[in-house]
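Participant: target.cif (mmCIF, C-alpha atoms) pasted underneath:
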```cif
data_work
#
loop_
_atom_site.label_atom_id
_atom_site.label_comp_id
_atom_site.auth_asym_id
_atom_site.auth_seq_id
_atom_site.Cartn_x
_atom_site.Cartn_y
_atom_site.Cartn_z
CA MET A 1333 0.00 0.00 0.00
CA LYS A 1334 2.51 2.51 -1.30
CA ARG A 1335 1.07 5.75 0.07
CA SER A 1336 -0.77 3.81 2.80
CA LEU A 1337 -4.19 4.58 4.13
CA PHE A 1338 -4.84 7.83 2.27
CA LEU A 1339 -1.69 9.73 1.48
CA LEU A 1340 -3.55 10.84 4.41
CA VAL A 1341 -0.75 12.23 6.17
CA GLY A 1342 -0.96 14.93 3.63
CA LEU A 1343 -4.20 15.63 5.25
CA LEU A 1344 -2.52 16.97 8.30
CA LEU A 1345 -3.12 20.52 7.15
CA SER A 1346 -1.80 22.94 4.58
CA PHE A 1347 -3.25 21.32 1.45
CA THR A 1348 -5.66 23.39 -0.63
CA LEU A 1349 -8.19 21.82 -2.98
CA GLN A 1350 -11.31 22.96 -4.75
CA ALA A 1351 -14.17 20.48 -4.60
CA HIS A 1352 -17.22 20.67 -6.82
CA GLY A 1353 -19.63 22.49 -4.51
CA GLY A 1354 -21.33 22.40 -1.14
CA ALA A 1355 -21.87 19.10 0.61
CA PRO A 1356 -25.36 17.61 0.22
CA TYR A 1357 -27.71 15.81 2.59
CA ILE A 1358 -27.24 12.06 2.21
CA ASP A 1359 -29.41 9.54 3.99
CA PRO A 1360 -26.95 7.31 5.90
CA ALA A 1361 -28.89 4.29 4.65
CA HIS A 1362 -27.55 5.11 1.17
CA ASP A 1363 -23.94 5.91 2.14
CA SER A 1364 -22.66 2.76 0.41
CA GLU A 1365 -23.79 4.19 -2.93
CA HIS A 1366 -21.43 7.15 -2.54
CA LEU A 1367 -18.26 5.71 -1.00
CA GLY A 1368 -15.06 6.57 -2.87
CA SER A 1369 -11.56 5.15 -2.78
CA VAL A 1370 -9.14 6.30 -0.11
CA GLU A 1371 -6.45 6.40 -2.78
CA ASN A 1372 -7.94 9.67 -4.05
CA LEU A 1373 -9.53 10.87 -0.81
CA LEU A 1374 -8.35 14.44 -1.27
CA PHE A 1375 -10.28 14.62 -4.53
CA TRP A 1376 -13.60 13.17 -3.37
CA THR A 1377 -16.85 14.70 -4.59
CA PRO A 1378 -19.07 16.37 -1.96
CA GLU A 1379 -21.22 13.21 -1.88
CA GLN A 1380 -18.16 11.05 -1.34
CA GLN A 1381 -16.94 13.37 1.41
CA VAL A 1382 -20.14 13.05 3.44
CA ALA A 1383 -20.48 9.29 3.01
CA GLY A 1384 -16.77 8.62 3.44
CA TYR A 1385 -16.09 10.83 6.45
CA ARG A 1386 -18.71 8.96 8.49
CA ASN A 1387 -17.67 5.50 7.25
CA MET A 1388 -13.86 5.47 7.28
CA GLU A 1389 -13.79 2.08 9.01
CA LYS A 1390 -15.34 0.62 5.83
CA LEU A 1391 -12.63 2.08 3.60
CA ALA A 1392 -9.34 1.68 5.46
CA PRO A 1393 -7.85 -0.36 8.31
CA VAL A 1394 -8.72 0.86 11.82
CA ARG A 1395 -8.40 -0.19 15.43
CA TRP A 1396 -11.39 0.35 17.70
CA VAL A 1397 -11.57 2.44 20.87
CA ARG A 1398 -14.46 1.16 22.97
CA ALA A 1399 -16.90 3.43 24.78
CA ALA A 1400 -17.41 3.72 28.52
CA ASP A 1401 -20.06 1.60 30.22
CA GLY A 1402 -21.56 4.79 31.65
CA PRO A 1403 -21.13 7.96 29.56
CA LEU A 1404 -20.40 11.38 31.00
CA VAL A 1405 -23.82 13.04 30.99
CA LEU A 1406 -23.99 16.33 29.13
CA PRO A 1407 -27.00 18.30 30.40
CA GLU A 1408 -28.80 20.49 27.88
CA ARG A 1409 -29.85 24.12 28.23
CA PRO A 1410 -30.46 25.25 24.64
CA VAL A 1411 -29.68 28.77 23.49
CA ASP A 1412 -30.94 30.03 20.12
CA LEU A 1413 -27.85 31.06 18.18
CA ASP A 1414 -29.09 30.47 14.65
CA THR A 1415 -29.35 34.20 13.89
CA LEU A 1416 -26.09 35.09 15.64
CA PRO A 1417 -24.02 37.39 13.37
CA VAL A 1418 -20.62 36.03 12.34
CA VAL A 1419 -18.54 39.02 11.29
CA HIS A 1420 -15.62 38.42 8.96
CA GLU A 1421 -13.55 40.19 6.33
CA GLY A 1422 -15.89 39.23 3.52
CA GLY A 1423 -18.97 40.57 5.30
CA ASN A 1424 -21.50 39.23 7.77
CA MET A 1425 -23.56 36.05 7.91
CA THR A 1426 -25.68 34.36 10.53
CA LEU A 1427 -24.51 31.22 12.27
CA ALA A 1428 -27.16 29.24 10.36
CA GLU A 1429 -25.78 30.64 7.10
CA TYR A 1430 -22.27 29.69 8.22
CA LEU A 1431 -23.35 26.08 8.74
CA GLU A 1432 -24.80 26.02 5.23
CA SER A 1433 -21.96 27.79 3.39
CA GLN A 1434 -19.21 25.83 5.14
CA SER A 1435 -20.87 22.41 4.72
CA VAL A 1436 -20.97 21.82 8.47
CA ALA A 1437 -22.23 18.36 9.41
CA GLY A 1438 -22.44 19.08 13.12
CA LEU A 1439 -21.78 21.92 15.57
CA LEU A 1440 -21.77 21.48 19.34
CA VAL A 1441 -21.34 24.20 21.95
CA ILE A 1442 -20.70 23.22 25.58
CA LYS A 1443 -20.73 26.11 28.06
CA ASP A 1444 -20.02 25.45 31.74
CA GLY A 1445 -20.39 21.72 31.10
CA VAL A 1446 -23.87 22.14 29.59
CA ILE A 1447 -24.85 21.79 25.92
CA ALA A 1448 -25.95 25.25 24.84
CA TYR A 1449 -26.27 24.60 21.10
CA GLU A 1450 -26.26 21.48 18.95
CA ARG A 1451 -27.04 21.21 15.26
CA TYR A 1452 -26.67 18.33 12.78
CA ARG A 1453 -26.82 18.46 8.99
CA LEU A 1454 -26.00 16.43 5.86
CA GLY A 1455 -27.68 13.33 7.30
CA ASN A 1456 -25.67 13.26 10.52
CA ASP A 1457 -27.07 12.92 14.03
CA SER A 1458 -25.62 12.51 17.52
CA ASP A 1459 -24.65 8.89 16.75
CA SER A 1460 -22.68 9.69 13.59
CA ARG A 1461 -18.94 9.03 13.68
CA TRP A 1462 -16.86 11.44 11.59
CA ILE A 1463 -13.15 11.53 10.79
CA SER A 1464 -11.12 14.10 12.70
CA TYR A 1465 -8.02 14.41 10.50
CA SER A 1466 -5.41 16.54 12.33
CA VAL A 1467 -7.60 17.03 15.40
CA THR A 1468 -6.05 13.67 16.30
CA LYS A 1469 -2.65 15.32 16.76
CA SER A 1470 -3.87 17.11 19.85
CA VAL A 1471 -5.21 13.84 21.28
CA THR A 1472 -1.80 12.24 20.70
CA SER A 1473 -0.22 15.19 22.50
CA MET A 1474 -2.38 14.48 25.54
CA LEU A 1475 -1.43 10.79 25.39
CA ILE A 1476 2.24 11.82 25.56
CA GLY A 1477 1.29 13.66 28.75
CA ALA A 1478 -0.43 10.54 30.06
CA ALA A 1479 2.69 8.47 29.32
CA ILE A 1480 4.80 10.94 31.31
CA HIS A 1481 2.31 10.84 34.18
CA ASP A 1482 2.37 7.02 34.10
CA GLY A 1483 6.18 6.88 34.07
CA TYR A 1484 6.63 5.48 30.56
CA ILE A 1485 8.41 8.66 29.43
CA ALA A 1486 10.68 10.60 31.79
CA SER A 1487 10.22 14.03 30.19
CA VAL A 1488 9.82 15.85 26.89
CA ASP A 1489 13.53 16.65 27.04
CA GLU A 1490 14.44 13.05 26.27
CA LYS A 1491 15.70 12.40 22.77
CA VAL A 1492 13.48 10.98 20.06
CA THR A 1493 16.07 8.29 19.37
CA ASP A 1494 15.89 7.09 22.98
CA TYR A 1495 12.54 5.57 21.97
CA LEU A 1496 13.08 5.12 18.23
CA PRO A 1497 16.53 3.51 17.98
CA ARG A 1498 16.03 2.85 14.25
CA LEU A 1499 16.73 6.58 13.80
CA LYS A 1500 20.03 6.58 15.71
CA GLY A 1501 22.74 8.07 13.54
CA SER A 1502 20.19 10.20 11.67
CA SER A 1503 19.45 13.91 12.01
CA TYR A 1504 16.95 13.02 14.71
CA ASP A 1505 19.79 12.21 17.12
CA GLN A 1506 19.68 15.86 18.22
CA ALA A 1507 15.91 16.28 18.42
CA SER A 1508 13.98 16.00 21.67
CA ILE A 1509 10.38 14.96 22.19
CA ARG A 1510 9.64 18.62 22.89
CA ASP A 1511 11.11 19.58 19.53
CA VAL A 1512 8.87 17.23 17.55
CA LEU A 1513 5.80 18.24 19.57
CA HIS A 1514 6.61 21.82 18.57
CA MET A 1515 7.19 20.84 14.90
CA ALA A 1516 10.68 22.23 15.30
CA SER A 1517 13.06 19.27 14.98
CA GLY A 1518 15.44 21.14 12.68
CA VAL A 1519 15.32 18.21 10.24
CA ALA A 1520 14.80 19.22 6.62
CA TRP A 1521 11.32 18.55 5.29
CA ASP A 1522 9.37 19.99 2.37
CA GLU A 1523 5.59 19.93 2.78
CA THR A 1524 4.80 21.52 -0.61
CA TYR A 1525 1.75 19.60 -1.74
CA ASP A 1526 1.67 20.68 -5.35
CA ASP A 1527 5.31 19.70 -5.93
CA PRO A 1528 5.54 16.01 -6.87
CA GLU A 1529 9.20 16.00 -5.78
CA SER A 1530 8.51 17.32 -2.27
CA ASP A 1531 8.91 15.12 0.79
CA ILE A 1532 5.19 14.97 1.43
CA ASN A 1533 4.68 13.44 -2.01
CA GLN A 1534 7.76 11.23 -2.05
CA ALA A 1535 7.59 9.64 1.41
CA ASN A 1536 6.17 6.16 1.93
CA TRP A 1537 3.92 6.22 4.99
CA ASN A 1538 4.15 2.59 6.02
CA THR A 1539 5.98 2.54 9.34
CA LEU A 1540 9.29 0.93 8.43
CA ALA A 1541 9.51 2.65 5.06
CA LEU A 1542 8.99 6.03 6.73
CA TYR A 1543 11.90 5.34 9.09
CA ASP A 1544 14.08 4.57 6.09
CA TYR A 1545 13.00 7.76 4.37
CA LEU A 1546 13.61 9.98 7.39
CA ASP A 1547 16.93 8.31 8.15
CA ASP A 1548 18.42 10.10 5.12
CA LYS A 1549 17.07 13.58 5.79
CA PRO A 1550 19.68 16.31 6.45
CA ARG A 1551 19.41 19.06 9.05
CA ASN A 1552 18.46 22.59 8.05
CA GLY A 1553 18.87 24.18 11.47
CA PRO A 1554 19.27 23.55 15.18
CA PRO A 1555 16.40 21.78 16.96
CA GLY A 1556 13.83 23.87 18.75
CA GLU A 1557 14.46 27.07 16.82
CA THR A 1558 12.19 27.13 13.77
CA PHE A 1559 8.63 25.90 13.24
CA ASN A 1560 8.33 23.75 10.12
CA TYR A 1561 5.07 21.91 9.66
CA ASN A 1562 6.11 18.30 9.18
CA THR A 1563 3.48 15.63 8.73
CA ALA A 1564 6.00 12.83 9.19
CA GLU A 1565 6.91 14.02 12.67
CA SER A 1566 3.36 13.67 13.95
CA ASN A 1567 3.68 10.02 12.96
CA LEU A 1568 7.00 9.83 14.80
CA VAL A 1569 5.26 11.12 17.93
CA GLY A 1570 2.79 8.25 17.63
CA ASN A 1571 5.55 5.70 17.01
CA LEU A 1572 7.54 7.05 19.94
CA LEU A 1573 4.51 6.80 22.20
CA ARG A 1574 3.79 3.25 21.10
CA SER A 1575 7.42 2.32 21.82
CA ALA A 1576 7.29 3.93 25.27
CA ILE A 1577 4.05 2.33 26.46
CA GLY A 1578 4.51 -1.05 24.72
CA ASN A 1579 0.94 -0.88 23.50
CA ASN A 1580 -1.23 0.40 20.68
CA LEU A 1581 -2.34 4.02 20.81
CA SER A 1582 -6.00 3.09 20.55
CA SER A 1583 -5.76 0.74 23.55
CA TYR A 1584 -3.95 3.38 25.59
CA LEU A 1585 -6.51 6.04 24.63
CA GLU A 1586 -9.31 3.67 25.59
CA GLN A 1587 -7.78 2.76 28.94
CA ARG A 1588 -6.57 6.18 30.05
CA ILE A 1589 -9.07 8.67 28.60
CA TRP A 1590 -11.91 7.28 26.49
CA GLN A 1591 -13.53 4.95 29.01
CA PRO A 1592 -12.49 6.67 32.28
CA PHE A 1593 -13.72 10.09 31.11
CA GLY A 1594 -17.03 8.63 29.93
CA MET A 1595 -17.00 8.75 26.15
CA GLU A 1596 -20.42 7.69 24.92
CA SER A 1597 -19.60 5.91 21.64
CA ASP A 1598 -16.96 3.67 20.13
CA ALA A 1599 -14.33 5.44 18.05
CA ALA A 1600 -12.10 4.11 15.27
CA TRP A 1601 -8.43 5.07 14.79
CA GLY A 1602 -6.90 4.68 11.32
CA LEU A 1603 -3.79 2.54 10.84
CA THR A 1604 -0.78 3.22 8.64
CA GLU A 1605 -1.16 -0.27 7.19
CA PRO A 1606 -3.29 -3.35 7.98
CA GLY A 1607 -2.25 -4.63 11.39
CA GLY A 1608 0.14 -1.70 11.81
CA GLY A 1609 0.25 1.27 14.13
CA GLU A 1610 -2.14 4.18 14.33
CA PHE A 1611 -1.42 7.45 12.56
CA GLY A 1612 -0.03 9.69 15.29
CA GLY A 1613 -1.44 12.78 13.63
CA CYS A 1614 -4.65 11.64 12.07
CA CYS A 1615 -7.73 9.63 11.70
CA ILE A 1616 -9.70 9.18 14.89
CA SER A 1617 -13.35 8.88 13.87
CA ALA A 1618 -15.70 9.84 16.69
CA THR A 1619 -19.12 11.34 17.37
CA LEU A 1620 -19.51 15.07 17.80
CA ARG A 1621 -20.42 14.76 21.47
CA ASP A 1622 -17.28 12.73 22.10
CA TYR A 1623 -15.27 15.43 20.28
CA GLY A 1624 -16.85 17.75 22.82
CA ARG A 1625 -15.86 15.48 25.69
CA ILE A 1626 -12.26 15.49 24.41
CA GLY A 1627 -12.42 19.26 24.71
CA LEU A 1628 -13.85 19.00 28.22
CA PHE A 1629 -11.02 16.66 29.22
CA ALA A 1630 -8.49 19.24 28.04
CA LEU A 1631 -10.46 22.06 29.68
CA ASN A 1632 -10.39 20.05 32.92
CA ASN A 1633 -6.58 19.99 32.72
CA GLY A 1634 -6.48 16.27 32.02
CA ARG A 1635 -8.49 15.20 35.05
CA LEU A 1636 -11.34 12.70 35.10
CA PRO A 1637 -14.81 13.78 36.27
CA ASP A 1638 -13.98 12.54 39.78
CA GLY A 1639 -10.82 14.66 39.86
CA THR A 1640 -8.32 11.84 39.21
CA PRO A 1641 -5.39 13.22 37.20
CA VAL A 1642 -4.49 11.47 33.94
CA LEU A 1643 -1.97 14.08 32.78
CA PRO A 1644 0.80 15.81 34.75
CA LYS A 1645 -0.52 18.73 36.80
CA ASP A 1646 0.62 21.50 34.43
CA TRP A 1647 0.58 19.52 31.17
CA MET A 1648 -2.19 21.47 29.46
CA LYS A 1649 -0.64 24.79 30.49
CA GLU A 1650 2.72 23.61 29.14
CA SER A 1651 1.09 22.23 26.00
CA THR A 1652 -0.57 25.54 25.22
CA THR A 1653 2.42 27.77 25.93
CA PRO A 1654 3.84 29.35 22.75
CA SER A 1655 6.88 27.59 21.37
CA LYS A 1656 10.11 29.39 20.52
CA GLY A 1657 9.65 28.67 16.84
CA ALA A 1658 6.01 29.77 16.59
CA PRO A 1659 3.94 31.86 19.05
CA TYR A 1660 0.82 30.27 17.54
CA TYR A 1661 1.82 26.64 18.18
CA GLY A 1662 2.29 24.52 21.30
CA TYR A 1663 2.48 20.75 21.76
CA LEU A 1664 0.42 19.90 18.65
CA TRP A 1665 -2.18 22.53 19.57
CA TRP A 1666 -2.86 25.77 17.65
CA LEU A 1667 -2.77 28.80 19.98
CA LEU A 1668 -5.01 31.82 19.48
CA GLY A 1669 -3.19 34.48 21.49
CA ASP A 1670 -5.97 35.13 23.99
CA GLY A 1671 -5.69 32.00 26.13
CA ALA A 1672 -7.95 29.97 23.85
CA TYR A 1673 -6.58 27.16 21.71
CA ARG A 1674 -7.82 24.68 19.16
CA ALA A 1675 -7.30 21.35 17.48
CA SER A 1676 -7.77 21.66 13.72
CA GLY A 1677 -8.20 19.24 10.86
CA ILE A 1678 -8.59 19.74 7.16
CA PHE A 1679 -12.03 20.27 5.63
CA GLY A 1680 -13.10 22.09 8.81
CA GLN A 1681 -12.88 19.58 11.66
CA GLY A 1682 -12.21 21.29 14.94
CA ILE A 1683 -12.30 21.56 18.71
CA TYR A 1684 -12.09 25.07 20.20
CA ILE A 1685 -11.30 25.44 23.90
CA ASP A 1686 -11.53 28.69 25.85
CA PRO A 1687 -10.58 28.09 29.50
CA ALA A 1688 -11.48 31.63 30.63
CA ALA A 1689 -15.01 31.21 29.27
CA ASN A 1690 -15.30 27.54 30.34
CA LEU A 1691 -16.28 26.87 26.74
CA VAL A 1692 -15.81 24.02 24.24
CA ILE A 1693 -16.99 24.11 20.62
CA ALA A 1694 -16.70 21.01 18.42
CA MET A 1695 -17.37 20.73 14.71
CA HIS A 1696 -17.76 18.07 12.02
CA SER A 1697 -17.44 19.45 8.51
CA ALA A 1698 -17.19 18.54 4.83
CA ARG A 1699 -16.38 21.94 3.42
CA PRO A 1700 -15.08 22.02 -0.16
CA HIS A 1701 -11.57 23.31 0.55
CA ALA A 1702 -9.13 21.26 2.59
CA SER A 1703 -7.26 24.18 4.14
CA ARG A 1704 -7.53 27.83 3.21
CA ARG A 1705 -6.51 30.77 5.37
CA GLU A 1706 -9.83 32.51 4.79
CA ASP A 1707 -11.80 29.43 5.87
CA SER A 1708 -9.70 29.06 9.01
CA ALA A 1709 -10.15 32.76 9.80
CA LEU A 1710 -13.90 32.50 9.28
CA GLN A 1711 -14.05 29.43 11.51
CA LEU A 1712 -12.22 31.33 14.24
CA ALA A 1713 -14.60 34.28 13.80
CA MET A 1714 -17.49 31.86 14.26
CA TYR A 1715 -15.96 30.44 17.44
CA ARG A 1716 -15.38 33.91 18.88
CA ALA A 1717 -18.86 35.13 17.94
CA ILE A 1718 -20.36 32.23 19.90
CA ALA A 1719 -18.06 32.87 22.86
CA ALA A 1720 -18.97 36.56 22.93
CA ALA A 1721 -22.71 35.89 22.61
CA LEU A 1722 -22.72 33.40 25.48
CA ALA A 1723 -20.67 35.78 27.62
CA ARG A 1724 -23.26 38.53 26.98
CA LYS A 1725 -26.12 36.20 27.88
CA GLN A 1726 -24.35 35.15 31.07
CA THR A 1727 -23.72 38.77 32.02
CA ALA A 1728 -27.38 39.63 31.38
CA VAL A 1729 -28.56 36.77 33.58
CA VAL A 1730 -26.21 37.78 36.41
CA GLY A 1731 -27.42 41.38 36.12
CA GLN A 1732 -31.11 40.51 36.48
#
```
For this file, produce the structure as structure tokens.
Facilitator:
Amino acid sequence: MKRSLFLLVGLLLSFTLQAHGGAPYIDPAHDSEHLGSVENLLFWTPEQQVAGYRNMEKLAPVRWVRAADGPLVLPERPVDLDTLPVVHEGGNMTLAEYLESQSVAGLLVIKDGVIAYERYRLGNDSDSRWISYSVTKSVTSMLIGAAIHDGYIASVDEKVTDYLPRLKGSSYDQASIRDVLHMASGVAWDETYDDPESDINQANWNTLALYDYLDDKPRNGPPGETFNYNTAESNLVGNLLRSAIGNNLSSYLEQRIWQPFGMESDAAWGLTEPGGGEFGGCCISATLRDYGRIGLFALNNGRLPDGTPVLPKDWMKESTTPSKGAPYYGYLWWLLGDGAYRASGIFGQGIYIDPAANLVIAMHSARPHASRREDSALQLAMYRAIAAALARKQTAVVGQ
């Protein structure tokens, strides 16, 4: 499987494609009529996007993450936000218009632990699994924290090659775990998607072949200094974690977070090859409410509902501190400069977390462009419009 699973590592952000239009409603009972091939996933039609994103386990190898016996209850106190203005450079639209124009399959807003807003479209409902793409990176980051808490990893200052000896003697000898979490290993890598000779298009993503490819990469700077988005390194983080814990990532996620925190539904994690390891930076398929619970786990600083810590005490603070190479990037989290942060995946997947507002927003999406600056900016404007509206409502209630 030369490019393995999907070329899907190319999915880990920065690719820009034009699809053929907005995503349509598709009855899930007819999904099988619209499933495409993962070999050309980045070029799927809107119909193939909707059917494929909620059925990835039918198209590519996965490993399952089983739900909790008793899910974390999410109380509901609905707020009407459909007419909320979303202000952006191109003009204004309502939140309902945003959902339509951006081919949103599901939007969930959790304020103070309570569902304030929940909408589903395109045939999805609260039971629909949907692929996360690079949102998975941020989950892997938290699993690194869990491995440190559990004693499998001493600290992020250990060297990558302490856990991946196949890379000893390569440019990764100098890189620490912290460096790869910051996407700042200093190892040369070209993520130019429209250049067939670039690394992203030349690398083989099967586990052993990727080691061989990276083994020959030169350095282009000292580690820790310069941010360079590198899809391969998110896979290295996953491989390193698997080596440290002596287990699959999906099993570790299930045992340490998914079941203990009370995730409601089974999830599926894509594999680099049949029987192989999980993509460290991609491909957890989960329901929207469980996306929201992931955000709540982060918001709760990696503690379970009963207060039991899963992550080191200051892990989320450390993870969301600006790196030297990029003030907008932490440990596989995108930082927004105001204390809020987000996990982002191509085609609009996202989890937005605002600790000051005690707010989590989760989104499933099949928008036509994989990753455009204007779409990302509009998505952030939507998040902030919701945060501001809920803050105003809270202030009005307190003032009564």
Participant: Evaluate the PyMOL selection byres ((chain A and resi 1433-1448) around 6) against this structure - the residues, as JSON, numbers by chain, please.
Facilitator: {"A": [1354, 1355, 1406, 1407, 1408, 1409, 1410, 1411, 1430, 1431, 1432, 1449, 1450, 1451, 1452, 1453, 1454, 1690, 1691, 1692, 1693, 1694, 1695, 1696, 1697, 1698, 1699]}
Participant: Contacts of stretch 1473-1486 of chain A at 6 Å or less, counting only C-alpha atoms, minus same-chain residues fewer than 6 places along, as a list of chain:residue names?
Facilitator: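 Counting only the stated atoms, we get A:Ala1576, A:Ile1577, A:Val1642, A:Leu1643, A:Pro1644.
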Participant: Suppose we keep C-alpha atoms; can you now write the selection as a CSV table (one decimal), in the coordinates of the input?
Facilitator:
```csv
chain,number,residue,atom,x,y,z
A,1576,ALA,CA,7.3,3.9,25.3
A,1577,ILE,CA,4.0,2.3,26.5
A,1642,VAL,CA,-4.5,11.5,33.9
A,1643,LEU,CA,-2.0,14.1,32.8
A,1644,PRO,CA,0.8,15.8,34.8
```
Participant: Counting all atoms listed in the file, write as a list in words all protein and nucleic acid residues lying at most 12 Å from (20.7, 19.0, 17.4) in the file's frame.
Facilitator: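 These residues have at least one counted atom within 12 Å: Lys1491, Val1492, Thr1493, Gly1501, Ser1502, Ser1503, Tyr1504, Asp1505, Gln1506, Ala1507, Ser1508, Asp1511, Val1512, Ala1516, Ser1517, Gly1518, Val1519, Pro1550, Arg1551, Asn1552, Gly1553, Pro1554, Pro1555, Gly1556 and Glu1557 of chain A.
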Participant: Suppose we keep C-alpha atoms; can you now write the selection as a PDB file, in the coordinates of the input?
Facilitator:
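And here is the file that came out, selection.pdb:
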```
ATOM      1  CA  LYS A1491      15.700  12.400  22.770  1.00  0.00           C
ATOM      2  CA  VAL A1492      13.480  10.980  20.060  1.00  0.00           C
ATOM      3  CA  THR A1493      16.070   8.290  19.370  1.00  0.00           C
ATOM      4  CA  GLY A1501      22.740   8.070  13.540  1.00  0.00           C
ATOM      5  CA  SER A1502      20.190  10.200  11.670  1.00  0.00           C
ATOM      6  CA  SER A1503      19.450  13.910  12.010  1.00  0.00           C
ATOM      7  CA  TYR A1504      16.950  13.020  14.710  1.00  0.00           C
ATOM      8  CA  ASP A1505      19.790  12.210  17.120  1.00  0.00           C
ATOM      9  CA  GLN A1506      19.680  15.860  18.220  1.00  0.00           C
ATOM     10  CA  ALA A1507      15.910  16.280  18.420  1.00  0.00           C
ATOM     11  CA  SER A1508      13.980  16.000  21.670  1.00  0.00           C
ATOM     12  CA  ASP A1511      11.110  19.580  19.530  1.00  0.00           C
ATOM     13  CA  VAL A1512       8.870  17.230  17.550  1.00  0.00           C
ATOM     14  CA  ALA A1516      10.680  22.230  15.300  1.00  0.00           C
ATOM     15  CA  SER A1517      13.060  19.270  14.980  1.00  0.00           C
ATOM     16  CA  GLY A1518      15.440  21.140  12.680  1.00  0.00           C
ATOM     17  CA  VAL A1519      15.320  18.210  10.240  1.00  0.00           C
ATOM     18  CA  PRO A1550      19.680  16.310   6.450  1.00  0.00           C
ATOM     19  CA  ARG A1551      19.410  19.060   9.050  1.00  0.00           C
ATOM     20  CA  ASN A1552      18.460  22.590   8.050  1.00  0.00           C
ATOM     21  CA  GLY A1553      18.870  24.180  11.470  1.00  0.00           C
ATOM     22  CA  PRO A1554      19.270  23.550  15.180  1.00  0.00           C
ATOM     23  CA  PRO A1555      16.400  21.780  16.960  1.00  0.00           C
ATOM     24  CA  GLY A1556      13.830  23.870  18.750  1.00  0.00           C
ATOM     25  CA  GLU A1557      14.460  27.070  16.820  1.00  0.00           C
TER      26      GLU A1557
END
```
Participant: State, in Å with one decimal place, the distance from atom CA of A:Asp1598 to atom CA of A:Arg1621.
Facilitator: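 Between atom CA of A:Asp1598 and atom CA of A:Arg1621 the gap works out to 11.7 Å.
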Participant: Taking into account all atoms listed in the file, which residue in the set A:Tyr1357, A:Tyr1495, A:Tyr1660, A:Tyr1465 is nearest to A:Tyr1385?
Facilitator: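 The answer is A:Tyr1465, which sits nearest to A:Tyr1385.
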Participant: Quick check, in Å to one decimal: how far apart do atom CA of A:Ala1702 and atom CA of A:Arg1395 lie?
Facilitator: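 Going from atom CA of A:Ala1702 over to atom CA of A:Arg1395, I get 25.0 Å.
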Participant: Which residue, A:Gly1594, A:Pro1356, A:Gly1613, A:Gly1607, has the smallest gap to A:Leu1513 when you use only C-alpha atoms?
Facilitator: A:Gly1613
Participant: Enter the distance from atom CA of A:Trp1537 to atom CA of A:Pro1497, in Å, rounded to one decimal.
Facilitator: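 Atom-to-atom, atom CA of A:Trp1537 and atom CA of A:Pro1497 are spaced 18.3 Å apart.
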Participant: Convert the output of the PyMOL selection byres ((chain A and resi 1715) around 12) on the shown file into explicit residues, formatted as a count of residues only.
Facilitator: 41
Participant: A:Ala1361, A:Leu1628, A:Ile1509, A:Ala1564: which is nearest A:Asn1536, counting all atoms listed in the file?
Facilitator: A:Ala1564
Participant: For each of A:Asn1538, A:Thr1563, A:Ser1487, A:Gln1381, take the minimum atom-to-atom distance to A:Thr1524, counting only C-alpha atoms, then give the residue where this is smallest.
Facilitator: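 Answer, going by the shortest atom-to-atom distance: A:Thr1563.
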Participant: Let me know the residues the PyMOL selection byres ((chain A and resi 1626) around 9) catches in the file above, as a list in words.
Facilitator: Val1471, Ile1589, Trp1590, Phe1593, Met1595, Arg1621, Asp1622, Tyr1623, Gly1624, Arg1625, Gly1627, Leu1628, Phe1629, Ala1630, Leu1631 and Ile1683 of chain A
Participant: May I have the selected residues written with C-alpha atoms, as a CSV table (one decimal), keeping the file's coordinate frame?
Facilitator:
```csv
chain,number,residue,atom,x,y,z
A,1471,VAL,CA,-5.2,13.8,21.3
A,1589,ILE,CA,-9.1,8.7,28.6
A,1590,TRP,CA,-11.9,7.3,26.5
A,1593,PHE,CA,-13.7,10.1,31.1
A,1595,MET,CA,-17.0,8.8,26.2
A,1621,ARG,CA,-20.4,14.8,21.5
A,1622,ASP,CA,-17.3,12.7,22.1
A,1623,TYR,CA,-15.3,15.4,20.3
A,1624,GLY,CA,-16.8,17.8,22.8
A,1625,ARG,CA,-15.9,15.5,25.7
A,1627,GLY,CA,-12.4,19.3,24.7
A,1628,LEU,CA,-13.8,19.0,28.2
A,1629,PHE,CA,-11.0,16.7,29.2
A,1630,ALA,CA,-8.5,19.2,28.0
A,1631,LEU,CA,-10.5,22.1,29.7
A,1683,ILE,CA,-12.3,21.6,18.7
```
Participant: Which residue, A:Tyr1545, A:Trp1647, A:Trp1601, A:Phe1611, has the smallest gap to A:Leu1499 when you use only C-alpha atoms?
Facilitator: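 Among the listed residues, A:Tyr1545 lies closest to A:Leu1499.
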Participant: Which residue is closest to A:Ala1400? Choose from A:Arg1588, A:Arg1386, A:Lys1469, A:His1366 and count all atoms listed in the file.
Facilitator: A:Arg1588
